[in-house]
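**Student:** Take a look at query.txt, compact mmCIF, C-alpha atoms:
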# COMPACT_ATOMS: atom_id res chain seq x y z
CA MET A 1 -67.70 -8.58 -27.92
CA SER A 2 -64.21 -9.82 -28.76
CA SER A 3 -62.67 -13.08 -27.58
CA GLY A 4 -59.26 -11.43 -27.64
CA ARG A 5 -58.12 -13.85 -30.33
CA PHE A 6 -58.12 -11.03 -32.87
CA GLU A 7 -56.46 -7.92 -31.52
CA ILE A 8 -58.35 -4.64 -31.35
CA ARG A 9 -56.13 -1.72 -30.40
CA MET A 10 -57.73 1.23 -28.69
CA LEU A 11 -56.11 4.40 -29.98
CA ALA A 12 -55.97 7.57 -27.93
CA LYS A 13 -58.64 10.08 -28.90
CA ARG A 14 -57.25 13.54 -28.39
CA GLY A 15 -59.87 16.16 -28.35
CA ASP A 16 -61.55 19.09 -26.82
CA ALA A 17 -64.62 21.19 -27.47
CA ARG A 18 -63.38 21.87 -31.02
CA GLY A 19 -63.38 18.24 -32.12
CA SER A 20 -61.38 15.01 -32.06
CA LEU A 21 -58.15 13.65 -33.49
CA VAL A 22 -56.71 10.13 -33.50
CA VAL A 23 -53.08 9.39 -34.41
CA ALA A 24 -51.43 6.21 -35.65
CA GLU A 25 -47.68 6.63 -35.76
CA ALA A 26 -45.62 3.84 -37.34
CA GLY A 27 -43.80 1.92 -34.62
CA ARG A 28 -46.15 3.24 -31.94
CA GLU A 29 -49.93 2.96 -32.27
CA CYS A 30 -49.35 1.16 -35.55
CA PRO A 31 -46.84 -1.64 -34.93
CA PHE A 32 -45.42 -1.74 -38.46
CA PRO A 33 -43.99 0.65 -41.09
CA VAL A 34 -46.79 2.04 -43.25
CA ALA A 35 -46.17 1.28 -46.92
CA ARG A 36 -49.75 1.71 -48.10
CA VAL A 37 -52.92 3.43 -46.94
CA TYR A 38 -56.34 2.91 -48.49
CA TRP A 39 -59.91 3.83 -47.74
CA VAL A 40 -63.09 2.02 -48.73
CA PHE A 41 -66.31 4.03 -48.98
CA GLY A 42 -69.66 4.19 -50.73
CA THR A 43 -70.12 0.48 -50.16
CA GLN A 44 -73.58 -0.54 -51.25
CA ALA A 45 -76.07 -2.20 -48.91
CA GLY A 46 -75.85 -5.98 -48.89
CA VAL A 47 -72.28 -6.06 -50.20
CA ARG A 48 -69.65 -8.37 -48.67
CA ARG A 49 -66.01 -7.60 -49.42
CA GLY A 50 -62.68 -9.16 -48.60
CA PHE A 51 -62.82 -12.95 -48.96
CA HIS A 52 -59.07 -13.39 -48.72
CA ALA A 53 -56.10 -13.79 -46.42
CA HIS A 54 -52.54 -12.59 -46.87
CA HIS A 55 -49.35 -14.59 -46.88
CA ARG A 56 -47.23 -11.83 -45.33
CA THR A 57 -48.99 -8.44 -45.31
CA ARG A 58 -49.98 -6.97 -41.94
CA GLN A 59 -52.87 -4.53 -41.79
CA MET A 60 -54.64 -2.31 -39.32
CA ALA A 61 -58.26 -1.34 -40.07
CA VAL A 62 -60.33 1.49 -38.58
CA CYS A 63 -63.87 2.62 -39.37
CA VAL A 64 -63.12 6.36 -39.30
CA SER A 65 -66.79 6.97 -40.15
CA GLY A 66 -69.77 4.69 -39.71
CA ALA A 67 -69.47 0.97 -39.10
CA CYS A 68 -68.97 -2.42 -40.70
CA THR A 69 -68.64 -6.00 -39.51
CA PHE A 70 -65.52 -8.13 -39.93
CA LEU A 71 -65.67 -11.88 -40.07
CA MET A 72 -62.24 -13.03 -38.94
CA ASP A 73 -61.14 -16.63 -39.41
CA ASP A 74 -57.71 -17.98 -38.53
CA GLY A 75 -58.60 -21.49 -39.67
CA ALA A 76 -59.34 -22.70 -36.16
CA HIS A 77 -61.74 -19.99 -35.01
CA ARG A 78 -64.24 -17.71 -36.71
CA GLU A 79 -65.47 -14.54 -35.06
CA GLU A 80 -67.56 -11.55 -36.07
CA LEU A 81 -66.44 -8.15 -34.85
CA ARG A 82 -68.47 -4.96 -35.27
CA MET A 83 -66.14 -2.04 -35.91
CA ASP A 84 -67.92 1.23 -35.22
CA SER A 85 -65.51 3.66 -33.64
CA PRO A 86 -62.79 5.93 -35.11
CA ASP A 87 -60.48 5.09 -32.22
CA SER A 88 -60.51 1.30 -32.39
CA ALA A 89 -58.20 -0.50 -34.79
CA LEU A 90 -58.51 -4.13 -35.83
CA MET A 91 -55.21 -5.89 -36.52
CA ILE A 92 -55.43 -8.17 -39.55
CA GLU A 93 -52.37 -10.37 -39.32
CA PRO A 94 -51.11 -12.69 -42.08
CA GLY A 95 -53.01 -15.96 -42.36
CA VAL A 96 -56.37 -14.54 -41.29
CA TRP A 97 -59.25 -14.94 -43.71
CA HIS A 98 -61.47 -11.87 -43.50
CA GLU A 99 -64.78 -10.72 -44.91
CA MET A 100 -66.48 -7.39 -44.35
CA SER A 101 -70.22 -6.79 -44.42
CA ASP A 102 -73.07 -4.69 -43.04
CA PHE A 103 -71.46 -1.40 -44.02
CA THR A 104 -73.45 1.62 -42.92
CA PRO A 105 -74.06 4.13 -45.75
CA ASP A 106 -71.58 6.56 -44.14
CA CYS A 107 -68.88 3.94 -43.55
CA VAL A 108 -65.30 4.90 -44.40
CA LEU A 109 -62.97 2.00 -43.68
CA LEU A 110 -59.35 3.14 -43.39
CA VAL A 111 -56.63 0.51 -43.72
CA LEU A 112 -52.88 0.84 -43.09
CA ALA A 113 -50.70 -1.90 -44.60
CA ASP A 114 -47.03 -2.74 -44.20
CA ALA A 115 -46.44 -3.63 -47.84
CA PRO A 116 -47.28 -2.32 -51.30
CA TYR A 117 -50.04 -4.09 -53.17
CA ALA A 118 -48.98 -7.46 -54.58
CA GLU A 119 -51.54 -9.90 -55.96
CA SER A 120 -49.14 -12.77 -55.17
CA ASP A 121 -49.64 -12.04 -51.46
CA TYR A 122 -53.37 -12.79 -51.62
CA ILE A 123 -54.94 -16.15 -50.82
CA ARG A 124 -58.35 -15.91 -52.47
CA ASP A 125 -59.43 -19.55 -52.32
CA TYR A 126 -60.87 -20.63 -48.96
CA ALA A 127 -59.93 -24.29 -49.44
CA GLU A 128 -56.34 -23.27 -50.18
CA PHE A 129 -56.39 -21.01 -47.09
CA LYS A 130 -57.61 -23.86 -44.87
CA LYS A 131 -54.89 -26.12 -46.25
CA LEU A 132 -52.17 -23.52 -45.65
CA VAL A 133 -53.16 -22.70 -42.06
CA SER A 134 -53.50 -26.36 -41.12
CA GLN A 135 -49.93 -27.14 -42.13
CA MET B 1 -60.73 26.63 -58.19
CA SER B 2 -57.03 26.14 -57.58
CA SER B 3 -54.28 28.39 -58.91
CA GLY B 4 -51.96 25.42 -59.07
CA ARG B 5 -49.66 27.03 -56.52
CA PHE B 6 -50.70 24.46 -53.93
CA GLU B 7 -50.69 20.97 -55.34
CA ILE B 8 -53.86 18.87 -55.32
CA ARG B 9 -53.23 15.30 -56.38
CA MET B 10 -56.10 13.38 -57.93
CA LEU B 11 -55.95 9.80 -56.70
CA ALA B 12 -57.38 6.93 -58.70
CA LYS B 13 -60.81 5.84 -57.48
CA ARG B 14 -61.14 2.12 -58.04
CA GLY B 15 -64.65 0.93 -57.81
CA ASP B 16 -67.56 -0.95 -59.16
CA ALA B 17 -71.18 -1.47 -58.23
CA ARG B 18 -70.10 -2.68 -54.77
CA GLY B 19 -68.39 0.55 -53.73
CA SER B 20 -65.20 2.57 -54.02
CA LEU B 21 -61.59 2.35 -52.87
CA VAL B 22 -58.73 4.86 -53.03
CA VAL B 23 -55.11 3.90 -52.43
CA ALA B 24 -52.12 6.01 -51.39
CA GLU B 25 -48.94 3.97 -51.56
CA ALA B 26 -45.76 5.54 -50.19
CA GLY B 27 -43.48 6.50 -53.06
CA ARG B 28 -46.36 6.41 -55.55
CA GLU B 29 -49.61 8.32 -54.93
CA CYS B 30 -48.04 9.63 -51.72
CA PRO B 31 -44.61 11.04 -52.60
CA PHE B 32 -43.02 10.43 -49.19
CA PRO B 33 -42.60 7.61 -46.64
CA VAL B 34 -45.54 7.56 -44.24
CA ALA B 35 -44.37 7.89 -40.64
CA ARG B 36 -47.68 9.06 -39.18
CA VAL B 37 -51.36 8.96 -40.06
CA TYR B 38 -54.05 10.90 -38.26
CA TRP B 39 -57.72 11.66 -38.71
CA VAL B 40 -59.68 14.68 -37.51
CA PHE B 41 -63.42 14.29 -36.97
CA GLY B 42 -66.35 15.59 -34.96
CA THR B 43 -65.17 19.13 -35.57
CA GLN B 44 -67.72 21.54 -34.21
CA ALA B 45 -69.39 24.18 -36.38
CA GLY B 46 -67.52 27.47 -36.50
CA VAL B 47 -64.19 25.95 -35.47
CA ARG B 48 -60.96 26.87 -37.24
CA ARG B 49 -57.99 24.55 -36.76
CA GLY B 50 -54.37 24.51 -37.86
CA PHE B 51 -52.80 27.98 -37.57
CA HIS B 52 -49.27 26.72 -38.11
CA ALA B 53 -46.63 25.82 -40.65
CA HIS B 54 -43.94 23.15 -40.44
CA HIS B 55 -40.21 23.54 -40.73
CA ARG B 56 -39.66 20.18 -42.39
CA THR B 57 -42.73 17.89 -42.21
CA ARG B 58 -44.51 17.08 -45.46
CA GLN B 59 -48.18 16.17 -45.34
CA MET B 60 -50.95 14.99 -47.63
CA ALA B 61 -54.54 15.71 -46.57
CA VAL B 62 -57.76 14.12 -47.86
CA CYS B 63 -61.37 14.65 -46.77
CA VAL B 64 -62.36 10.98 -46.84
CA SER B 65 -65.83 12.02 -45.68
CA GLY B 66 -67.54 15.39 -45.93
CA ALA B 67 -65.66 18.60 -46.62
CA CYS B 68 -63.60 21.40 -45.15
CA THR B 69 -61.80 24.48 -46.40
CA PHE B 70 -58.04 24.99 -46.27
CA LEU B 71 -56.52 28.44 -46.19
CA MET B 72 -53.03 27.97 -47.60
CA ASP B 73 -50.43 30.71 -47.27
CA ASP B 74 -46.83 30.44 -48.46
CA GLY B 75 -45.98 33.95 -47.31
CA ALA B 76 -46.40 35.44 -50.76
CA HIS B 77 -49.83 34.09 -51.67
CA ARG B 78 -52.94 33.10 -49.75
CA GLU B 79 -55.54 30.84 -51.25
CA GLU B 80 -58.66 29.04 -50.02
CA LEU B 81 -59.26 25.52 -51.25
CA ARG B 82 -62.43 23.54 -50.63
CA MET B 83 -61.58 19.87 -50.12
CA ASP B 84 -64.69 17.77 -50.59
CA SER B 85 -63.73 14.56 -52.33
CA PRO B 86 -62.19 11.29 -51.05
CA ASP B 87 -59.98 11.08 -54.13
CA SER B 88 -58.31 14.48 -54.01
CA ALA B 89 -55.27 15.04 -51.82
CA LEU B 90 -53.86 18.40 -50.84
CA MET B 91 -50.08 18.51 -50.44
CA ILE B 92 -49.05 20.59 -47.43
CA GLU B 93 -45.37 21.24 -47.95
CA PRO B 94 -43.00 22.71 -45.33
CA GLY B 95 -43.22 26.46 -44.96
CA VAL B 96 -46.93 26.71 -45.74
CA TRP B 97 -49.16 28.28 -43.11
CA HIS B 98 -52.50 26.50 -43.09
CA GLU B 99 -55.85 26.91 -41.41
CA MET B 100 -58.89 24.67 -41.78
CA SER B 101 -62.49 25.81 -41.40
CA ASP B 102 -66.07 25.20 -42.53
CA PHE B 103 -66.01 21.53 -41.61
CA THR B 104 -69.22 19.72 -42.50
CA PRO B 105 -70.63 17.68 -39.59
CA ASP B 106 -69.62 14.44 -41.33
CA CYS B 107 -66.09 15.61 -42.19
CA VAL B 108 -63.25 13.16 -41.59
CA LEU B 109 -59.95 14.74 -42.54
CA LEU B 110 -57.24 12.11 -43.10
CA VAL B 111 -53.62 13.27 -43.03
CA LEU B 112 -50.47 11.33 -43.95
CA ALA B 113 -47.20 12.80 -42.66
CA ASP B 114 -43.57 11.93 -43.36
CA ALA B 115 -42.38 12.41 -39.78
CA PRO B 116 -43.43 11.53 -36.25
CA TYR B 117 -44.97 14.33 -34.19
CA ALA B 118 -42.43 16.85 -32.94
CA GLU B 119 -43.52 20.13 -31.40
CA SER B 120 -40.18 21.68 -32.44
CA ASP B 121 -41.23 21.30 -36.09
CA TYR B 122 -44.23 23.61 -35.64
CA ILE B 123 -44.22 27.33 -36.39
CA ARG B 124 -47.24 28.59 -34.48
CA ASP B 125 -46.62 32.32 -34.60
CA TYR B 126 -47.69 34.00 -37.84
CA ALA B 127 -45.20 36.85 -37.52
CA GLU B 128 -42.39 34.35 -37.04
CA PHE B 129 -43.66 32.40 -40.06
CA LYS B 130 -43.66 35.54 -42.24
CA LYS B 131 -40.14 36.34 -41.12
CA LEU B 132 -38.90 32.82 -41.87
CA VAL B 133 -40.41 32.59 -45.36
CA SER B 134 -39.18 36.05 -46.33
CA GLN B 135 -35.57 35.15 -45.63
Before anything else, please render the file you have as structure tokens.
**Tutor:**
Amino acid sequence: MSSGRFEIRMLAKRGDARGSLVVAEAGRECPFPVARVYWVFGTQAGVRRGFHAHHRTRQMAVCVSGACTFLMDDGAHREELRMDSPDSALMIEPGVWHEMSDFTPDCVLLVLADAPYAESDYIRDYAEFKKLVSQ
Amino acid sequence: MSSGRFEIRMLAKRGDARGSLVVAEAGRECPFPVARVYWVFGTQAGVRRGFHAHHRTRQMAVCVSGACTFLMDDGAHREELRMDSPDSALMIEPGVWHEMSDFTPDCVLLVLADAPYAESDYIRDYAEFKKLVSQ
């Protein structure tokens, strides 16, 4: 499914007959300090989100419920990845244009980020993104 | 529903026709640095989890999908709180015995913690807990 160009980290699922638990500790399963956590939910059918890259922010994304599809684009390669498991984490490194689509109604997309929100860190114009990554 | 003894923080739900997003930034919506994030899911019907307090770890818990009930006990007062909204966060401060039950099948309980996992930080014996908080 994945070319390996965009890293998917398998997280340990600890569980027993009672249920399951997945942990992301900063500096371990999550390779960066966690400055911000957000969750996206209730996404309507047919919606595409994202449409940006970051200058510096690193992120790790997990569908903790349901599924959605990431289009990842580093300027040289584009790839679609279906994220549908609460123990697989997609690394979204700086300089990767990403779009999310095909959210299931129950999808909860959890994202850990290494920096507080800053609009100046967003590249929202695809032409500008292509120019930046080709430099 | 809540006596106010155990803090529930209402987080801003940002959204539009496309869907919703809730953010917890360390030092803002989440009052502590985030050292660890974990999510509990697939909890079987009838299961109770938790049954411990922490010496020092601070935690913030959100049902990002579904619902569950927290029994919170600071040694002097016990209270049950139904957590059923992705924009309300229960603060679990040190020295609070907590048990979780009545998980809905779709429940995903997200927890942010200010410290890495350390078994030595757990108080797993209720009698010991009562003794510690009465000192």
**Student:** Taking all atoms listed in the file into account, produce a table as JSON lines in which each residue of chain A with an atom at most 8 Å from an atom of chain B appears once, together with its shortest atom pair and the distance in Å to one decimal, ordered by chain and rising number.
**Tutor:**
{"residue": "A:Ala17", "atom": "CA", "partner": "B:Gln44", "partner_atom": "CA", "distance": 7.4}
{"residue": "A:Arg18", "atom": "CA", "partner": "B:Gln44", "partner_atom": "CA", "distance": 5.4}
{"residue": "A:Gly19", "atom": "CA", "partner": "B:Thr43", "partner_atom": "CA", "distance": 4.0}
{"residue": "A:Ser20", "atom": "CA", "partner": "B:Phe41", "partner_atom": "CA", "distance": 5.4}
{"residue": "A:Leu21", "atom": "CA", "partner": "B:Val40", "partner_atom": "CA", "distance": 4.4}
{"residue": "A:Val22", "atom": "CA", "partner": "B:Tyr38", "partner_atom": "CA", "distance": 5.5}
{"residue": "A:Val23", "atom": "CA", "partner": "B:Tyr38", "partner_atom": "CA", "distance": 4.2}
{"residue": "A:Ala24", "atom": "CA", "partner": "B:Val37", "partner_atom": "CA", "distance": 5.2}
{"residue": "A:Glu25", "atom": "CA", "partner": "B:Arg36", "partner_atom": "CA", "distance": 4.2}
{"residue": "A:Ala26", "atom": "CA", "partner": "B:Ala35", "partner_atom": "CA", "distance": 5.4}
{"residue": "A:Pro33", "atom": "CA", "partner": "B:Ala35", "partner_atom": "CA", "distance": 7.3}
{"residue": "A:Val34", "atom": "CA", "partner": "B:Val34", "partner_atom": "CA", "distance": 5.7}
{"residue": "A:Ala35", "atom": "CA", "partner": "B:Ala26", "partner_atom": "CA", "distance": 5.4}
{"residue": "A:Arg36", "atom": "CA", "partner": "B:Glu25", "partner_atom": "CA", "distance": 4.2}
{"residue": "A:Val37", "atom": "CA", "partner": "B:Ala24", "partner_atom": "CA", "distance": 5.2}
{"residue": "A:Tyr38", "atom": "CA", "partner": "B:Val23", "partner_atom": "CA", "distance": 4.2}
{"residue": "A:Trp39", "atom": "CA", "partner": "B:Val22", "partner_atom": "CA", "distance": 5.5}
{"residue": "A:Val40", "atom": "CA", "partner": "B:Leu21", "partner_atom": "CA", "distance": 4.4}
{"residue": "A:Phe41", "atom": "CA", "partner": "B:Ser20", "partner_atom": "CA", "distance": 5.4}
{"residue": "A:Gly42", "atom": "CA", "partner": "B:Gly19", "partner_atom": "CA", "distance": 4.9}
{"residue": "A:Thr43", "atom": "CA", "partner": "B:Gly19", "partner_atom": "CA", "distance": 4.0}
{"residue": "A:Gln44", "atom": "CA", "partner": "B:Arg18", "partner_atom": "CA", "distance": 5.4}
{"residue": "A:Val47", "atom": "CA", "partner": "B:Arg18", "partner_atom": "CA", "distance": 6.1}
{"residue": "A:Val64", "atom": "CA", "partner": "B:Val108", "partner_atom": "CA", "distance": 7.2}
{"residue": "A:Ser65", "atom": "CA", "partner": "B:Val108", "partner_atom": "CA", "distance": 7.3}
{"residue": "A:Val108", "atom": "CA", "partner": "B:Val64", "partner_atom": "CA", "distance": 7.2}
{"residue": "A:Pro116", "atom": "CA", "partner": "B:Glu25", "partner_atom": "CA", "distance": 6.5}
**Student:** What is the CA of Ala118 (chain B)-CA of Leu11 (chain A) distance in Å, reported with one decimal?
**Tutor:**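 Distance between the two atoms: 18.7 Å.
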**Student:** Using only C-alpha atoms, which of B:Asp114, B:Met100, B:His52, B:Met10 sits nearest Glu80 (chain B)?
**Tutor:**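 Closest candidate: B:Met100.
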**Student:** Can you list, as a ChimeraX atom specification, every protein, DNA or RNA residue that comes within 6 Å of region 120-132 of chain A when you count only C-alpha atoms, leaving out same-chain residues fewer than 3 positions away?
**Tutor:** /A:52-55,75,135
**Student:** So how many Å separate CA of Ile8 (chain A) and CA of Val62 (chain A), to one decimal?
**Tutor:**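 Here the two named atoms are 9.7 Å from each other.
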**Student:** Env of region 3-5 of chain B: 12 Å cut, atoms = only C-alpha atoms, seq-sep filter 5 positions within chain, self excluded. Answer as a PDB file with C-alpha atoms, keeping the file's coordinate frame.
**Tutor:**
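Result went into selection.pdb, see below:
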ATOM      1  CA  MET B  72     -53.030  27.970 -47.600  1.00  0.00           C
ATOM      2  CA  ASP B  73     -50.430  30.710 -47.270  1.00  0.00           C
ATOM      3  CA  ASP B  74     -46.830  30.440 -48.460  1.00  0.00           C
ATOM      4  CA  ALA B  76     -46.400  35.440 -50.760  1.00  0.00           C
ATOM      5  CA  HIS B  77     -49.830  34.090 -51.670  1.00  0.00           C
ATOM      6  CA  ARG B  78     -52.940  33.100 -49.750  1.00  0.00           C
ATOM      7  CA  GLU B  79     -55.540  30.840 -51.250  1.00  0.00           C
ATOM      8  CA  GLU B  80     -58.660  29.040 -50.020  1.00  0.00           C
ATOM      9  CA  LEU B  81     -59.260  25.520 -51.250  1.00  0.00           C
ATOM     10  CA  LEU B  90     -53.860  18.400 -50.840  1.00  0.00           C
ATOM     11  CA  MET B  91     -50.080  18.510 -50.440  1.00  0.00           C
ATOM     12  CA  ILE B  92     -49.050  20.590 -47.430  1.00  0.00           C
ATOM     13  CA  GLU B  93     -45.370  21.240 -47.950  1.00  0.00           C
ATOM     14  CA  VAL B  96     -46.930  26.710 -45.740  1.00  0.00           C
TER      15      VAL B  96
END
**Student:** Please indicate the distance in Å from CA of Cys63 (chain B) to CA of Pro94 (chain A), rounded to one decimal place.
**Tutor:** 29.6 Å
**Student:** Name the residues within 9 Å of (-71.5, 1.6, -34.0), counting all atoms listed in the file in the file's coordinates, and put them as a ChimeraX atom specification.
**Tutor:** /A:66-68,82-85
**Student:** When you count all atoms listed in the file, which of these residues is closest to Trp97 (chain A): A:Leu71, A:Ala12, A:Arg56, A:Phe6?
**Tutor:**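 That would be A:Leu71, the residue with the smallest distance to Trp97 (chain A).
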**Student:** Complete the atom set of region 74-84 of chain B to all heavy atoms and return it as a short mmCIF file (atom, residue, chain, number, x, y, z; two decimals), keeping the file's coordinate frame.
**Tutor:**
data_model
loop_
_atom_site.label_atom_id
_atom_site.label_comp_id
_atom_site.auth_asym_id
_atom_site.auth_seq_id
_atom_site.Cartn_x
_atom_site.Cartn_y
_atom_site.Cartn_z
N ASP B 74 -48.27 30.70 -48.40
CA ASP B 74 -46.83 30.44 -48.46
C ASP B 74 -46.00 31.68 -48.16
O ASP B 74 -44.79 31.71 -48.41
CB ASP B 74 -46.43 29.81 -49.80
CG ASP B 74 -46.69 30.75 -50.98
OD1 ASP B 74 -47.04 31.94 -50.75
OD2 ASP B 74 -46.53 30.31 -52.12
N GLY B 75 -46.68 32.71 -47.65
CA GLY B 75 -45.98 33.95 -47.31
C GLY B 75 -46.15 34.99 -48.40
O GLY B 75 -46.24 36.18 -48.11
N ALA B 76 -46.21 34.53 -49.64
CA ALA B 76 -46.40 35.44 -50.76
C ALA B 76 -47.84 35.41 -51.26
O ALA B 76 -48.37 36.41 -51.72
CB ALA B 76 -45.46 35.08 -51.90
N HIS B 77 -48.47 34.25 -51.17
CA HIS B 77 -49.83 34.09 -51.67
C HIS B 77 -50.70 33.33 -50.68
O HIS B 77 -50.25 32.37 -50.06
CB HIS B 77 -49.82 33.32 -53.00
CG HIS B 77 -49.11 34.06 -54.08
ND1 HIS B 77 -47.75 33.97 -54.28
CD2 HIS B 77 -49.57 34.96 -54.98
CE1 HIS B 77 -47.40 34.77 -55.28
NE2 HIS B 77 -48.48 35.37 -55.73
N ARG B 78 -51.95 33.78 -50.58
CA ARG B 78 -52.94 33.10 -49.75
C ARG B 78 -54.04 32.58 -50.66
O ARG B 78 -54.46 33.29 -51.59
CB ARG B 78 -53.57 34.08 -48.75
CG ARG B 78 -52.66 34.52 -47.65
CD ARG B 78 -53.23 35.72 -46.90
NE ARG B 78 -54.36 35.39 -46.04
CZ ARG B 78 -54.25 34.98 -44.76
NH1 ARG B 78 -53.04 34.85 -44.22
NH2 ARG B 78 -55.31 34.71 -44.05
N GLU B 79 -54.50 31.40 -50.39
CA GLU B 79 -55.54 30.84 -51.25
C GLU B 79 -56.43 29.91 -50.43
O GLU B 79 -55.94 29.15 -49.58
CB GLU B 79 -54.88 30.04 -52.38
CG GLU B 79 -55.87 29.52 -53.40
CD GLU B 79 -55.17 28.92 -54.62
OE1 GLU B 79 -53.95 29.16 -54.80
OE2 GLU B 79 -55.84 28.21 -55.38
N GLU B 80 -57.73 29.97 -50.67
CA GLU B 80 -58.66 29.04 -50.02
C GLU B 80 -59.00 27.90 -50.96
O GLU B 80 -59.30 28.14 -52.14
CB GLU B 80 -59.94 29.77 -49.60
CG GLU B 80 -59.74 30.64 -48.37
CD GLU B 80 -61.04 30.87 -47.61
OE1 GLU B 80 -62.12 30.80 -48.23
OE2 GLU B 80 -60.96 31.13 -46.39
N LEU B 81 -58.97 26.71 -50.45
CA LEU B 81 -59.26 25.52 -51.25
C LEU B 81 -60.31 24.69 -50.53
O LEU B 81 -60.12 24.35 -49.36
CB LEU B 81 -57.99 24.68 -51.45
CG LEU B 81 -56.87 25.36 -52.25
CD1 LEU B 81 -55.56 24.61 -52.06
CD2 LEU B 81 -57.25 25.39 -53.73
N ARG B 82 -61.40 24.38 -51.21
CA ARG B 82 -62.43 23.54 -50.63
C ARG B 82 -62.10 22.08 -50.96
O ARG B 82 -62.01 21.71 -52.13
CB ARG B 82 -63.80 23.91 -51.21
CG ARG B 82 -64.99 23.18 -50.56
CD ARG B 82 -65.24 23.65 -49.16
NE ARG B 82 -66.46 23.08 -48.57
CZ ARG B 82 -66.70 23.12 -47.27
NH1 ARG B 82 -65.83 23.69 -46.43
NH2 ARG B 82 -67.79 22.60 -46.78
N MET B 83 -61.89 21.30 -49.93
CA MET B 83 -61.58 19.87 -50.12
C MET B 83 -62.86 19.10 -49.80
O MET B 83 -63.34 19.13 -48.67
CB MET B 83 -60.44 19.45 -49.19
CG MET B 83 -59.13 20.21 -49.42
SD MET B 83 -58.47 20.00 -51.09
CE MET B 83 -58.12 18.25 -51.10
N ASP B 84 -63.38 18.41 -50.79
CA ASP B 84 -64.69 17.77 -50.59
C ASP B 84 -64.81 16.44 -51.32
O ASP B 84 -65.92 15.99 -51.62
CB ASP B 84 -65.82 18.71 -51.04
CG ASP B 84 -65.68 19.11 -52.50
OD1 ASP B 84 -64.75 18.64 -53.19
OD2 ASP B 84 -66.51 19.93 -52.96
#
